[in-house]
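S.K.: Have a look at this one before I ask anything.
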Amino acid sequence: MDKKNRSYAVIGCGRFGRSLALELAKLGKEVLVVDANAELVNELAEGVTLAVQADVTQEGALDGIGLSNVDVAIIAMSGNFEASVMATTICREKEIPEIIAKAKDTRHGRILHRMGAMKVILPEREQGIRLAHTLTDSSIYEHLRMSEDFSMEEFPVPNTWIDQSVGDLDIRKSLDISIVAIMRDEGLVINPGPDEQFHAEDIVYALGPNDAFEGLDKWVKLREE
């Protein structure tokens with residue numbers, strides 16, 4: 001369907017979900033919002049097409065509200081792990097064409113992806129990658145957003161990596177994952193060389209095949225033993 005005519009469901013009306021739903025409505029889109037908080041639902045009722053109070057963790061809570069008729073569902077409740085997973089599963093079962101979910105971290109994001117989310121939003125990760133994209137004047141980020149096989153991952157530096165260099169770890173050889181940037185207090189280190197050492201509290205940005213990231217946690221744990 002043409003993007004101009006798509007309808008939307010926003011499940012979870014926190015700050016992110018609320019602003020998204022209202023902006024979509026301002027753009028003339030049909031928007032269904034769902035939240036367990038009656039006060040939030042009442043506040044949004046006049047600004048969107050339909051506002052429904054429902055607890056997605058309760059069986060059948062999303063039945064009969066027209067959810068299966070929307071073209072895009074955005075799961076915007078990253079703070080509630082159970083609810084976000086349940087909502088993503090329900091949207092997949094209702095065969096909604098496009099499902100987007102907000103996650104609190106990469107592990108949460110991987111689970112949501114397995115449950116049926118086509119795209120996972122990690123706000124801090126997105127911000128960091130966009131900054132790297134801007135600083136390097138490269139279009140790689142836009143290409144990656146369209147890729148089903150590769151992705152960027154953001155994660156706190158593991159304790160066993162601190163004071164070791166990129167070359168010492170040689171993650172690319174072990175996992176086919178490349179360290180493309182390191183965020184620290186002094187700023188963003190783009191394309192760190194093999195002698196670049198990891199510091200405590202670093203945030204690591206890595207690029208690689210989606211399958212390779214499945215083994216990253218196991219690889220880190222093995223190095224801790």
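Letters A, B, ... go to the chains of the structure tokens in the order shown; residues in each chain start at 1; ligands are counted from 1 in the same order.
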Excluding Lys173 (chain A) and residues on its chain fewer than 6 positions from it, collect all residues at most 12 Å away from it, counting only C-alpha atoms, and give them as JSON, numbers by chain.
M.R.: {"A": [166, 167, 179, 208, 212]}
S.K.: Write the residues of the preceding selection, restricted to C-alpha atoms, as a PDB file, in the first residue's frame.
M.R.:
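Wrote it out as selection.pdb, contents follow:
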```pdb
ATOM      1  CA  VAL A 166      40.675  -3.797  19.173  1.00  0.00           C
ATOM      2  CA  GLY A 167      43.539  -5.812  17.699  1.00  0.00           C
ATOM      3  CA  ILE A 179      34.037  -2.425  15.622  1.00  0.00           C
ATOM      4  CA  GLY A 208      28.113  -7.458  11.152  1.00  0.00           C
ATOM      5  CA  ALA A 212      26.948 -13.228  14.073  1.00  0.00           C
TER       6      ALA A 212
END
```
S.K.: Where does DSSP see strand (DSSP E) in region 39-189 of chain A, if you list the residues as an MDAnalysis selection string?
M.R.: chainID A and resid 50:53 72:75 98:102 119:121 150:156 178:184 187:189
S.K.: What would the file look like if the residues just selected were written as a CSV table (one decimal), in the first residue's frame with C-alpha atoms?
M.R.:
```
chain,number,residue,atom,x,y,z
A,50,LEU,CA,-9.6,5.9,18.2
A,51,ALA,CA,-8.2,5.6,21.7
A,52,VAL,CA,-8.6,2.3,23.6
A,53,GLN,CA,-7.8,1.4,27.2
A,72,VAL,CA,1.6,-0.5,10.7
A,73,ALA,CA,1.8,-1.3,14.4
A,74,ILE,CA,4.3,0.5,16.6
A,75,ILE,CA,4.9,-1.2,20.0
A,98,GLU,CA,4.6,-3.9,9.3
A,99,ILE,CA,5.5,-4.2,13.0
A,100,ILE,CA,7.9,-1.8,14.6
A,101,ALA,CA,8.9,-2.2,18.3
A,102,LYS,CA,10.8,0.0,20.7
A,119,LYS,CA,12.2,-3.2,12.8
A,120,VAL,CA,13.4,-2.5,16.3
A,121,ILE,CA,14.1,1.0,17.6
A,150,PHE,CA,23.3,-6.9,8.4
A,151,SER,CA,22.8,-4.5,11.3
A,152,MET,CA,24.6,-2.2,13.7
A,153,GLU,CA,24.6,-3.1,17.4
A,154,GLU,CA,25.3,-0.9,20.4
A,155,PHE,CA,26.3,-2.3,23.7
A,156,PRO,CA,28.3,-1.3,26.9
A,178,SER,CA,33.7,-5.1,13.0
A,179,ILE,CA,34.0,-2.4,15.6
A,180,VAL,CA,33.1,0.7,13.7
A,181,ALA,CA,32.9,3.3,16.6
A,182,ILE,CA,33.4,3.8,20.3
A,183,MET,CA,31.5,6.4,22.3
A,184,ARG,CA,33.1,7.8,25.4
A,187,GLY,CA,33.7,12.0,22.1
A,188,LEU,CA,33.1,9.5,19.4
A,189,VAL,CA,36.0,7.4,18.0
```
S.K.: Give me, as an MDAnalysis selection string, all polymer residues having an atom no more than 9 Å from region 68-71 of chain A, counting only C-alpha atoms and skipping those fewer than 5 positions away in the same chain.
M.R.: chainID A and resid 1 6:9 30:32 63 91 94:99
S.K.: Using only C-alpha atoms, determine which residues lie at most 8 Å from Cys13 (chain A), disregarding the query and same-chain residues fewer than 3 positions distant; provide the list as a ChimeraX atom specification.
M.R.: /A:10,16-18,33-35,40-41,76-77
S.K.: Point out the residue among A:Asn191, A:Ile177, A:Lys29, A:Asn159 with the least atom-to-atom distance to Pro209 (chain A), counting only C-alpha atoms.
M.R.: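 Of all the options, A:Ile177 lies closest to Pro209 (chain A).
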S.K.: Can you work out which one of A:Ile162, A:Ala25, A:Met86, A:Ala61 has the shortest atom-to-atom distance to Thr49 (chain A), counting only C-alpha atoms?
M.R.: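 Closest residue, counting only C-alpha atoms: A:Ala25.
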S.K.: Using DSSP assignments from the backbone, pull out every residue in region 18-211 of chain A that falls under helix (DSSP H, G or I) and give it to me as a PDB file with C-alpha atoms, in the first residue's frame.
M.R.:
```
ATOM      1  CA  ARG A  18       2.160   9.807  22.679  1.00  0.00           C
ATOM      2  CA  SER A  19       4.267  12.163  20.556  1.00  0.00           C
ATOM      3  CA  LEU A  20       4.344   9.664  17.698  1.00  0.00           C
ATOM      4  CA  ALA A  21       0.580   9.130  17.712  1.00  0.00           C
ATOM      5  CA  LEU A  22      -0.240  12.845  17.839  1.00  0.00           C
ATOM      6  CA  GLU A  23       2.235  13.690  15.085  1.00  0.00           C
ATOM      7  CA  LEU A  24       0.829  10.965  12.819  1.00  0.00           C
ATOM      8  CA  ALA A  25      -2.666  12.299  13.467  1.00  0.00           C
ATOM      9  CA  LYS A  26      -1.548  15.841  12.625  1.00  0.00           C
ATOM     10  CA  ALA A  38      -7.221   5.372  31.339  1.00  0.00           C
ATOM     11  CA  GLU A  39      -6.063   8.936  31.981  1.00  0.00           C
ATOM     12  CA  LEU A  40      -3.591   8.855  29.101  1.00  0.00           C
ATOM     13  CA  VAL A  41      -6.174   7.304  26.802  1.00  0.00           C
ATOM     14  CA  ASN A  42      -8.722  10.006  27.653  1.00  0.00           C
ATOM     15  CA  GLU A  43      -6.167  12.753  27.003  1.00  0.00           C
ATOM     16  CA  LEU A  44      -5.405  11.354  23.548  1.00  0.00           C
ATOM     17  CA  LEU A  67      -6.205  -3.834  15.235  1.00  0.00           C
ATOM     18  CA  SER A  68      -6.069  -6.342  12.378  1.00  0.00           C
ATOM     19  CA  ASN A  69      -7.140  -3.595   9.964  1.00  0.00           C
ATOM     20  CA  PHE A  81       9.263  -6.268  28.835  1.00  0.00           C
ATOM     21  CA  GLU A  82       6.306  -8.658  29.132  1.00  0.00           C
ATOM     22  CA  ALA A  83       3.824  -6.241  27.586  1.00  0.00           C
ATOM     23  CA  SER A  84       6.066  -5.374  24.644  1.00  0.00           C
ATOM     24  CA  VAL A  85       6.695  -9.034  23.819  1.00  0.00           C
ATOM     25  CA  MET A  86       2.998  -9.865  24.163  1.00  0.00           C
ATOM     26  CA  ALA A  87       1.920  -6.934  21.979  1.00  0.00           C
ATOM     27  CA  THR A  88       4.454  -7.839  19.289  1.00  0.00           C
ATOM     28  CA  THR A  89       3.256 -11.452  19.280  1.00  0.00           C
ATOM     29  CA  ILE A  90      -0.392 -10.395  19.001  1.00  0.00           C
ATOM     30  CA  CYS A  91       0.361  -8.051  16.106  1.00  0.00           C
ATOM     31  CA  ARG A  92       2.166 -10.845  14.294  1.00  0.00           C
ATOM     32  CA  GLU A  93      -0.771 -13.214  14.862  1.00  0.00           C
ATOM     33  CA  THR A 106      19.905  -4.896  22.206  1.00  0.00           C
ATOM     34  CA  ARG A 107      18.960  -8.151  23.959  1.00  0.00           C
ATOM     35  CA  HIS A 108      15.367  -6.949  24.304  1.00  0.00           C
ATOM     36  CA  GLY A 109      15.483  -5.960  20.653  1.00  0.00           C
ATOM     37  CA  ARG A 110      16.613  -9.400  19.536  1.00  0.00           C
ATOM     38  CA  ILE A 111      13.725 -11.024  21.383  1.00  0.00           C
ATOM     39  CA  LEU A 112      11.213  -8.611  19.852  1.00  0.00           C
ATOM     40  CA  HIS A 113      12.661  -9.364  16.435  1.00  0.00           C
ATOM     41  CA  ARG A 114      12.162 -13.095  17.007  1.00  0.00           C
ATOM     42  CA  MET A 115       8.584 -12.444  18.124  1.00  0.00           C
ATOM     43  CA  PRO A 123      16.802   5.277  20.822  1.00  0.00           C
ATOM     44  CA  GLU A 124      20.357   5.633  22.203  1.00  0.00           C
ATOM     45  CA  ARG A 125      21.778   3.348  19.542  1.00  0.00           C
ATOM     46  CA  GLU A 126      19.960   5.217  16.777  1.00  0.00           C
ATOM     47  CA  GLN A 127      21.303   8.515  18.083  1.00  0.00           C
ATOM     48  CA  GLY A 128      24.873   7.252  18.202  1.00  0.00           C
ATOM     49  CA  ILE A 129      24.771   5.696  14.750  1.00  0.00           C
ATOM     50  CA  ARG A 130      23.208   8.816  13.246  1.00  0.00           C
ATOM     51  CA  LEU A 131      26.026  10.867  14.762  1.00  0.00           C
ATOM     52  CA  ALA A 132      28.630   8.529  13.294  1.00  0.00           C
ATOM     53  CA  HIS A 133      26.880   8.754   9.943  1.00  0.00           C
ATOM     54  CA  THR A 134      26.898  12.552  10.091  1.00  0.00           C
ATOM     55  CA  LEU A 135      30.568  12.797  11.107  1.00  0.00           C
ATOM     56  CA  THR A 136      31.787  10.453   8.382  1.00  0.00           C
ATOM     57  CA  ILE A 140      26.116   3.387   5.076  1.00  0.00           C
ATOM     58  CA  TYR A 141      23.536   3.947   7.809  1.00  0.00           C
ATOM     59  CA  GLU A 142      20.701   4.383   5.318  1.00  0.00           C
ATOM     60  CA  HIS A 143      21.808   1.244   3.484  1.00  0.00           C
ATOM     61  CA  LEU A 144      21.920  -0.741   6.715  1.00  0.00           C
ATOM     62  CA  ARG A 145      18.417   0.342   7.642  1.00  0.00           C
ATOM     63  CA  ASN A 159      34.447  -5.923  31.565  1.00  0.00           C
ATOM     64  CA  THR A 160      36.886  -8.358  29.957  1.00  0.00           C
ATOM     65  CA  TRP A 161      37.511  -5.918  27.093  1.00  0.00           C
ATOM     66  CA  VAL A 166      40.675  -3.797  19.173  1.00  0.00           C
ATOM     67  CA  GLY A 167      43.539  -5.812  17.699  1.00  0.00           C
ATOM     68  CA  ASP A 168      43.942  -7.913  20.857  1.00  0.00           C
ATOM     69  CA  LEU A 169      40.334  -9.051  20.719  1.00  0.00           C
ATOM     70  CA  ILE A 171      36.494  -9.868  16.962  1.00  0.00           C
ATOM     71  CA  ARG A 172      36.333  -9.646  13.212  1.00  0.00           C
ATOM     72  CA  LYS A 173      38.295 -12.869  12.824  1.00  0.00           C
ATOM     73  CA  SER A 174      36.361 -14.695  15.549  1.00  0.00           C
ATOM     74  CA  LEU A 175      32.812 -13.540  14.787  1.00  0.00           C
ATOM     75  CA  ASN A 210      22.627 -10.557  12.091  1.00  0.00           C
ATOM     76  CA  ASP A 211      23.530 -14.208  12.726  1.00  0.00           C
TER      77      ASP A 211
END
```
